[in-house]
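Enquirer: This is the content of coords-v5.cif (mmCIF, C-alpha atoms):
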data_model
loop_
_atom_site.group_PDB
_atom_site.id
_atom_site.type_symbol
_atom_site.label_atom_id
_atom_site.label_comp_id
_atom_site.auth_asym_id
_atom_site.auth_seq_id
_atom_site.Cartn_x
_atom_site.Cartn_y
_atom_site.Cartn_z
ATOM 1 C CA MET A 1 -113.986 53.421 57.335
ATOM 2 C CA ARG A 2 -115.975 55.642 59.580
ATOM 3 C CA ARG A 3 -119.256 56.645 58.060
ATOM 4 C CA ARG A 4 -119.259 60.257 56.921
ATOM 5 C CA PRO A 5 -122.528 61.790 55.737
ATOM 6 C CA ALA A 6 -120.728 64.389 53.642
ATOM 7 C CA LEU A 7 -118.148 62.011 52.210
ATOM 8 C CA ALA A 8 -118.216 58.921 50.048
ATOM 9 C CA LEU A 9 -116.357 56.130 48.577
ATOM 10 C CA ALA A 10 -117.296 57.292 42.360
ATOM 11 C CA VAL A 11 -116.834 57.651 38.853
ATOM 12 C CA VAL A 12 -115.946 59.729 35.940
ATOM 13 C CA ALA A 13 -114.597 63.255 35.960
ATOM 14 C CA TRP A 14 -117.207 65.805 35.128
ATOM 15 C CA THR A 15 -116.176 69.094 33.628
ATOM 16 C CA GLY A 16 -118.940 71.539 32.984
ATOM 17 C CA ALA A 17 -121.922 69.317 32.293
ATOM 18 C CA ALA A 18 -120.064 66.569 30.448
ATOM 19 C CA VAL A 19 -118.521 63.316 31.550
ATOM 20 C CA ALA A 20 -114.805 62.747 30.973
ATOM 21 C CA ALA A 21 -113.448 60.619 28.169
ATOM 22 C CA GLU A 22 -114.449 57.009 28.316
ATOM 23 C CA PRO A 23 -111.915 54.755 30.046
ATOM 24 C CA ALA A 24 -110.378 51.988 27.939
ATOM 25 C CA ALA A 25 -110.757 48.371 29.018
ATOM 26 C CA GLY A 26 -109.064 47.858 32.373
ATOM 27 C CA GLU A 27 -108.854 51.565 33.033
ATOM 28 C CA ALA A 28 -110.610 53.234 35.903
ATOM 29 C CA PRO A 29 -111.856 56.837 35.676
ATOM 30 C CA PHE A 30 -109.327 59.695 35.731
ATOM 31 C CA GLY A 31 -106.774 57.641 33.779
ATOM 32 C CA LEU A 32 -106.231 55.263 36.699
ATOM 33 C CA ALA A 33 -106.136 51.460 36.396
ATOM 34 C CA TRP A 34 -108.138 48.925 38.382
ATOM 35 C CA GLY A 35 -105.958 46.830 40.657
ATOM 36 C CA ALA A 36 -102.604 47.457 42.314
ATOM 37 C CA VAL A 37 -101.887 51.083 43.105
ATOM 38 C CA ASP A 38 -98.283 52.174 42.880
ATOM 39 C CA ARG A 39 -98.681 55.952 42.801
ATOM 40 C CA VAL A 40 -101.496 58.454 43.312
ATOM 41 C CA ASP A 41 -101.610 62.165 44.049
ATOM 42 C CA ALA A 42 -101.582 63.050 47.745
ATOM 43 C CA PRO A 43 -105.186 62.964 49.006
ATOM 44 C CA SER A 44 -106.888 65.533 51.209
ATOM 45 C CA MET A 45 -107.673 62.792 53.713
ATOM 46 C CA VAL A 46 -107.168 59.049 54.206
ATOM 47 C CA ASP A 47 -109.583 56.771 56.053
ATOM 48 C CA ARG A 48 -109.255 53.048 56.754
ATOM 49 C CA GLU A 49 -111.625 50.322 57.853
ATOM 50 C CA ALA A 50 -110.751 46.627 57.740
ATOM 51 C CA ASN A 51 -109.548 45.883 54.179
ATOM 52 C CA LEU A 52 -110.568 49.275 52.698
ATOM 53 C CA THR A 53 -108.572 52.470 52.415
ATOM 54 C CA GLY A 54 -110.458 55.533 51.231
ATOM 55 C CA LEU A 55 -108.400 58.255 49.585
ATOM 56 C CA TYR A 56 -110.484 61.431 49.685
ATOM 57 C CA TYR A 57 -109.782 64.276 47.289
ATOM 58 C CA PHE A 58 -111.579 67.505 48.048
ATOM 59 C CA HIS A 59 -111.846 70.389 45.613
ATOM 60 C CA ASP A 60 -108.352 71.587 46.609
ATOM 61 C CA ARG A 61 -106.586 68.510 45.157
ATOM 62 C CA PRO A 62 -105.993 66.989 41.725
ATOM 63 C CA LEU A 63 -108.743 64.560 40.658
ATOM 64 C CA ALA A 64 -111.331 66.815 42.317
ATOM 65 C CA SER A 65 -110.241 70.200 41.003
ATOM 66 C CA GLY A 66 -112.840 70.493 38.215
ATOM 67 C CA PRO A 67 -115.334 73.340 38.507
ATOM 68 C CA ASP A 68 -118.304 71.013 39.042
ATOM 69 C CA THR A 69 -116.572 68.539 41.356
ATOM 70 C CA VAL A 70 -116.883 68.646 45.128
ATOM 71 C CA GLU A 71 -115.078 65.430 45.930
ATOM 72 C CA VAL A 72 -113.560 62.266 44.485
ATOM 73 C CA VAL A 73 -112.913 59.135 46.537
ATOM 74 C CA LEU A 74 -110.687 56.244 45.541
ATOM 75 C CA VAL A 75 -111.422 53.005 47.380
ATOM 76 C CA VAL A 76 -108.383 50.772 47.555
ATOM 77 C CA CYS A 77 -108.822 47.195 48.757
ATOM 78 C CA ARG A 78 -105.965 45.484 50.545
ATOM 79 C CA GLU A 79 -105.839 42.492 48.184
ATOM 80 C CA GLN A 80 -107.535 43.765 45.013
ATOM 81 C CA GLY A 81 -106.109 47.294 44.817
ATOM 82 C CA LEU A 82 -108.202 50.131 43.396
ATOM 83 C CA GLN A 83 -111.767 48.852 43.066
ATOM 84 C CA GLN A 84 -114.040 51.873 43.308
ATOM 85 C CA VAL A 85 -114.050 55.509 42.260
ATOM 86 C CA VAL A 86 -116.749 57.847 43.556
ATOM 87 C CA TRP A 87 -117.363 61.303 42.128
ATOM 88 C CA VAL A 88 -119.544 63.919 43.852
ATOM 89 C CA GLY A 89 -120.727 66.917 41.878
ATOM 90 C CA ARG A 90 -121.408 70.410 43.125
ATOM 91 C CA PRO A 91 -124.861 71.263 44.488
ATOM 92 C CA LEU A 92 -127.337 72.079 41.730
ATOM 93 C CA HIS A 93 -131.053 72.753 41.544
ATOM 94 C CA GLY A 94 -133.810 73.159 39.022
ATOM 95 C CA PRO A 95 -132.849 73.207 35.343
ATOM 96 C CA ALA A 96 -129.079 73.024 36.032
ATOM 97 C CA TYR A 97 -129.557 69.778 37.967
ATOM 98 C CA ALA A 98 -131.888 68.305 35.335
ATOM 99 C CA THR A 99 -129.491 69.210 32.504
ATOM 100 C CA ALA A 100 -126.445 67.768 34.261
ATOM 101 C CA ARG A 101 -128.250 64.533 35.153
ATOM 102 C CA GLU A 102 -129.574 64.086 31.625
ATOM 103 C CA THR A 103 -126.136 64.750 30.120
ATOM 104 C CA ILE A 104 -124.581 62.069 32.302
ATOM 105 C CA ARG A 105 -127.478 59.660 31.608
ATOM 106 C CA ARG A 106 -127.066 60.103 27.844
ATOM 107 C CA ASP A 107 -123.325 59.502 28.091
ATOM 108 C CA GLY A 108 -123.982 56.339 30.113
ATOM 109 C CA VAL A 109 -126.411 55.142 27.424
ATOM 110 C CA ARG A 110 -123.821 55.845 24.735
ATOM 111 C CA ARG A 111 -121.186 53.865 26.614
ATOM 112 C CA TYR A 112 -123.164 51.023 28.181
ATOM 113 C CA GLY A 113 -126.701 50.962 26.776
ATOM 114 C CA GLU A 114 -129.959 51.715 28.538
ATOM 115 C CA PRO A 115 -129.683 51.777 32.345
ATOM 116 C CA ARG A 116 -131.896 49.923 34.764
ATOM 117 C CA PRO A 117 -133.197 51.349 38.036
ATOM 118 C CA GLY A 118 -130.364 51.497 40.540
ATOM 119 C CA PRO A 119 -130.111 50.461 44.191
ATOM 120 C CA VAL A 120 -131.703 53.626 45.615
ATOM 121 C CA PRO A 121 -134.846 55.450 44.486
ATOM 122 C CA GLY A 122 -134.214 57.585 41.408
ATOM 123 C CA SER A 123 -130.792 56.104 40.727
ATOM 124 C CA LEU A 124 -129.631 54.516 37.492
ATOM 125 C CA GLU A 125 -127.342 51.539 37.058
ATOM 126 C CA TRP A 126 -125.325 50.361 34.081
ATOM 127 C CA PRO A 127 -124.297 46.775 34.964
ATOM 128 C CA ALA A 128 -122.045 46.492 31.884
ATOM 129 C CA GLY A 129 -120.058 49.491 33.106
ATOM 130 C CA ARG A 130 -120.325 48.663 36.817
ATOM 131 C CA THR A 131 -121.515 52.259 37.164
ATOM 132 C CA VAL A 132 -124.275 53.895 39.224
ATOM 133 C CA LEU A 133 -125.619 57.448 39.057
ATOM 134 C CA ALA A 134 -127.536 58.669 42.095
ATOM 135 C CA THR A 135 -128.602 61.929 43.715
ATOM 136 C CA ARG A 136 -127.949 63.204 47.201
ATOM 137 C CA THR A 137 -130.383 65.851 48.423
ATOM 138 C CA MET A 138 -128.787 68.578 50.498
ATOM 139 C CA PRO A 139 -130.442 70.360 53.469
ATOM 140 C CA ASP A 140 -130.830 73.562 51.412
ATOM 141 C CA GLY A 141 -132.867 71.708 48.766
ATOM 142 C CA THR A 142 -130.106 71.452 46.176
ATOM 143 C CA SER A 143 -128.972 68.105 44.816
ATOM 144 C CA GLU A 144 -125.532 66.610 44.248
ATOM 145 C CA LEU A 145 -125.031 64.006 41.552
ATOM 146 C CA VAL A 146 -122.981 61.047 42.783
ATOM 147 C CA MET A 147 -121.414 58.521 40.438
ATOM 148 C CA SER A 148 -119.749 55.304 41.449
ATOM 149 C CA ALA A 149 -117.701 53.040 39.207
ATOM 150 C CA SER A 150 -116.462 49.701 40.472
ATOM 151 C CA GLY A 151 -113.569 47.574 39.318
ATOM 152 C CA PRO A 152 -113.784 43.941 38.220
ATOM 153 C CA ASP A 153 -112.807 42.576 41.655
ATOM 154 C CA TYR A 154 -115.089 44.819 43.714
ATOM 155 C CA ALA A 155 -117.429 41.978 44.740
ATOM 156 C CA ALA A 156 -114.561 39.999 46.294
ATOM 157 C CA CYS A 157 -113.311 43.115 48.069
ATOM 158 C CA SER A 158 -116.787 43.884 49.395
ATOM 159 C CA GLU A 159 -117.229 40.309 50.622
ATOM 160 C CA SER A 160 -113.937 40.514 52.533
ATOM 161 C CA HIS A 161 -115.133 43.794 54.016
ATOM 162 C CA ARG A 162 -118.436 42.212 55.068
ATOM 163 C CA ALA A 163 -116.601 39.304 56.730
ATOM 164 C CA ALA A 164 -114.459 41.731 58.730
ATOM 165 C CA THR A 165 -117.069 44.375 59.602
ATOM 166 C CA GLY A 166 -120.545 42.896 59.175
ATOM 167 C CA HIS A 167 -121.443 45.272 56.330
ATOM 168 C CA PRO A 168 -120.547 45.362 52.614
ATOM 169 C CA ALA A 169 -118.330 48.053 51.166
ATOM 170 C CA ASP A 170 -121.409 49.594 49.490
ATOM 171 C CA ALA A 171 -122.673 50.638 52.927
ATOM 172 C CA HIS A 172 -120.269 53.569 52.744
ATOM 173 C CA VAL A 173 -121.754 54.890 49.507
ATOM 174 C CA ALA A 174 -125.220 54.311 50.970
ATOM 175 C CA ASP A 175 -124.233 56.490 53.906
ATOM 176 C CA LEU A 176 -123.137 59.186 51.495
ATOM 177 C CA LEU A 177 -126.530 59.122 49.817
ATOM 178 C CA GLY A 178 -128.417 59.005 53.121
ATOM 179 C CA LYS A 179 -130.335 55.912 52.057
ATOM 180 C CA GLY A 180 -130.603 52.513 53.712
ATOM 181 C CA VAL A 181 -129.027 50.460 50.988
ATOM 182 C CA PRO A 182 -128.205 46.931 52.182
#
What would you get if you wrote out this structure as structure tokens?
Expert:
Amino acid sequence: MRRRPALALAVVAWTGAAVAAEPAAGEAPFGLAWGAVDRVDAPSMVDREANLTGLYYFHDRPLASGPDTVEVVLVVCREQGLQQVVWVGRPLHGPAYATARETIRRDGVRRYGEPRPGPVPGSLEWPAGRTVLATRTMPDGTSELVMSASGPDYAACSESHRAATGHPADAHVADLLGKGVP
């Protein structure tokens, strides 16, 4: 996939300042299932690179139509099916940003236990949930929360992507965040 600074490859739906209902075992966010994809809503845009297909849903489409959602990206791997969901929240600043981040952090703790520091500065990671919460700083000084949830076969998908392109699948989320994540 071409690298897009304003786009990504995320996690749970966020309505208001709360995270959507917890997925059951084997379920991906938004009521989807990890693995083979037989039907999804029409995306706003499709992008492909090697073994990855990114289905981008902007605010005008289902999955991303919540009031605090800017974008949702489904990453579908050729062999493993759906293996990543990325959610990007609307730009926030000050107390609204702090409240939204803390609400999501608390929900992550409830679901998966205490997080550890994530792959980029200021990010949080819940290994048990294969979930990361990070922040993207916008040019106007606001911040967008970005969540990424990965399926059980994401590592194999990413390794296939690395073999074909020279970079892991996570490089696309790193581009979204504007950080040099290996």
Enquirer: Tell me which of A:Ala128, A:Val173, A:Tyr97, A:Leu145 sits closest to Tyr112 in chain A, counting only C-alpha atoms.
Expert: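 Going through A:Ala128, A:Val173, A:Tyr97, A:Leu145 one by one, the smallest distance to Tyr112 in chain A is for A:Ala128.
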Enquirer: Rounded to one decimal in Å, what is the spacing between CA of Ala163 in chain A and CA of Gly81 in chain A?
Expert: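 Here the two named atoms are 17.8 Å from each other.
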Enquirer: If you count all atoms listed in the file, which residues fall within 8 Å of Val76 in chain A, apart from same-chain ones fewer than 4 positions away, as a list in words?
Expert: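 Residues near the query, excluding close chain neighbours: Val37, Leu52, Thr53, Gly54, Leu55, Gln80, Gly81, Leu82, Gln83 and Gln84 of chain A.
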Enquirer: Rank A:Val132, A:Arg111, A:Cys77, A:Arg105 by their smallest atom-to-atom distance to Ala155 in chain A, using all atoms listed in the file, and report the top residue only.
Expert: A:Cys77
Enquirer: To verify the selection step, state as a compact mmCIF listing (two decimals) with C-alpha atoms, in the frame of the given file which residues the PyMOL selection byres ((chain A and resi 123-126) around 10) yields on this input.
Expert:
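Saved file expr-v5.txt follows:
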# COMPACT_ATOMS: atom_id res chain seq x y z
CA ARG A 105 -127.48 59.66 31.61
CA GLY A 108 -123.98 56.34 30.11
CA VAL A 109 -126.41 55.14 27.42
CA ARG A 111 -121.19 53.86 26.61
CA TYR A 112 -123.16 51.02 28.18
CA GLY A 113 -126.70 50.96 26.78
CA GLU A 114 -129.96 51.72 28.54
CA PRO A 115 -129.68 51.78 32.34
CA ARG A 116 -131.90 49.92 34.76
CA PRO A 117 -133.20 51.35 38.04
CA GLY A 118 -130.36 51.50 40.54
CA PRO A 119 -130.11 50.46 44.19
CA VAL A 120 -131.70 53.63 45.62
CA PRO A 121 -134.85 55.45 44.49
CA GLY A 122 -134.21 57.58 41.41
CA PRO A 127 -124.30 46.78 34.96
CA ALA A 128 -122.04 46.49 31.88
CA GLY A 129 -120.06 49.49 33.11
CA ARG A 130 -120.32 48.66 36.82
CA THR A 131 -121.52 52.26 37.16
CA VAL A 132 -124.28 53.90 39.22
CA LEU A 133 -125.62 57.45 39.06
CA ALA A 134 -127.54 58.67 42.10
CA THR A 135 -128.60 61.93 43.72
CA LEU A 145 -125.03 64.01 41.55
CA VAL A 146 -122.98 61.05 42.78
CA MET A 147 -121.41 58.52 40.44
CA SER A 148 -119.75 55.30 41.45
CA ALA A 149 -117.70 53.04 39.21
Enquirer: Mind pulling up the distance from CA of Glu144 in chain A to CA of Asp41 in chain A?
Expert: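 Separating CA of Asp41 in chain A from CA of Glu144 in chain A is a distance of 24.3 Å.
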Enquirer: Hey, can you check how far CA of Asn51 in chain A sits from CA of Arg162 in chain A?
Expert: 9.7 Å
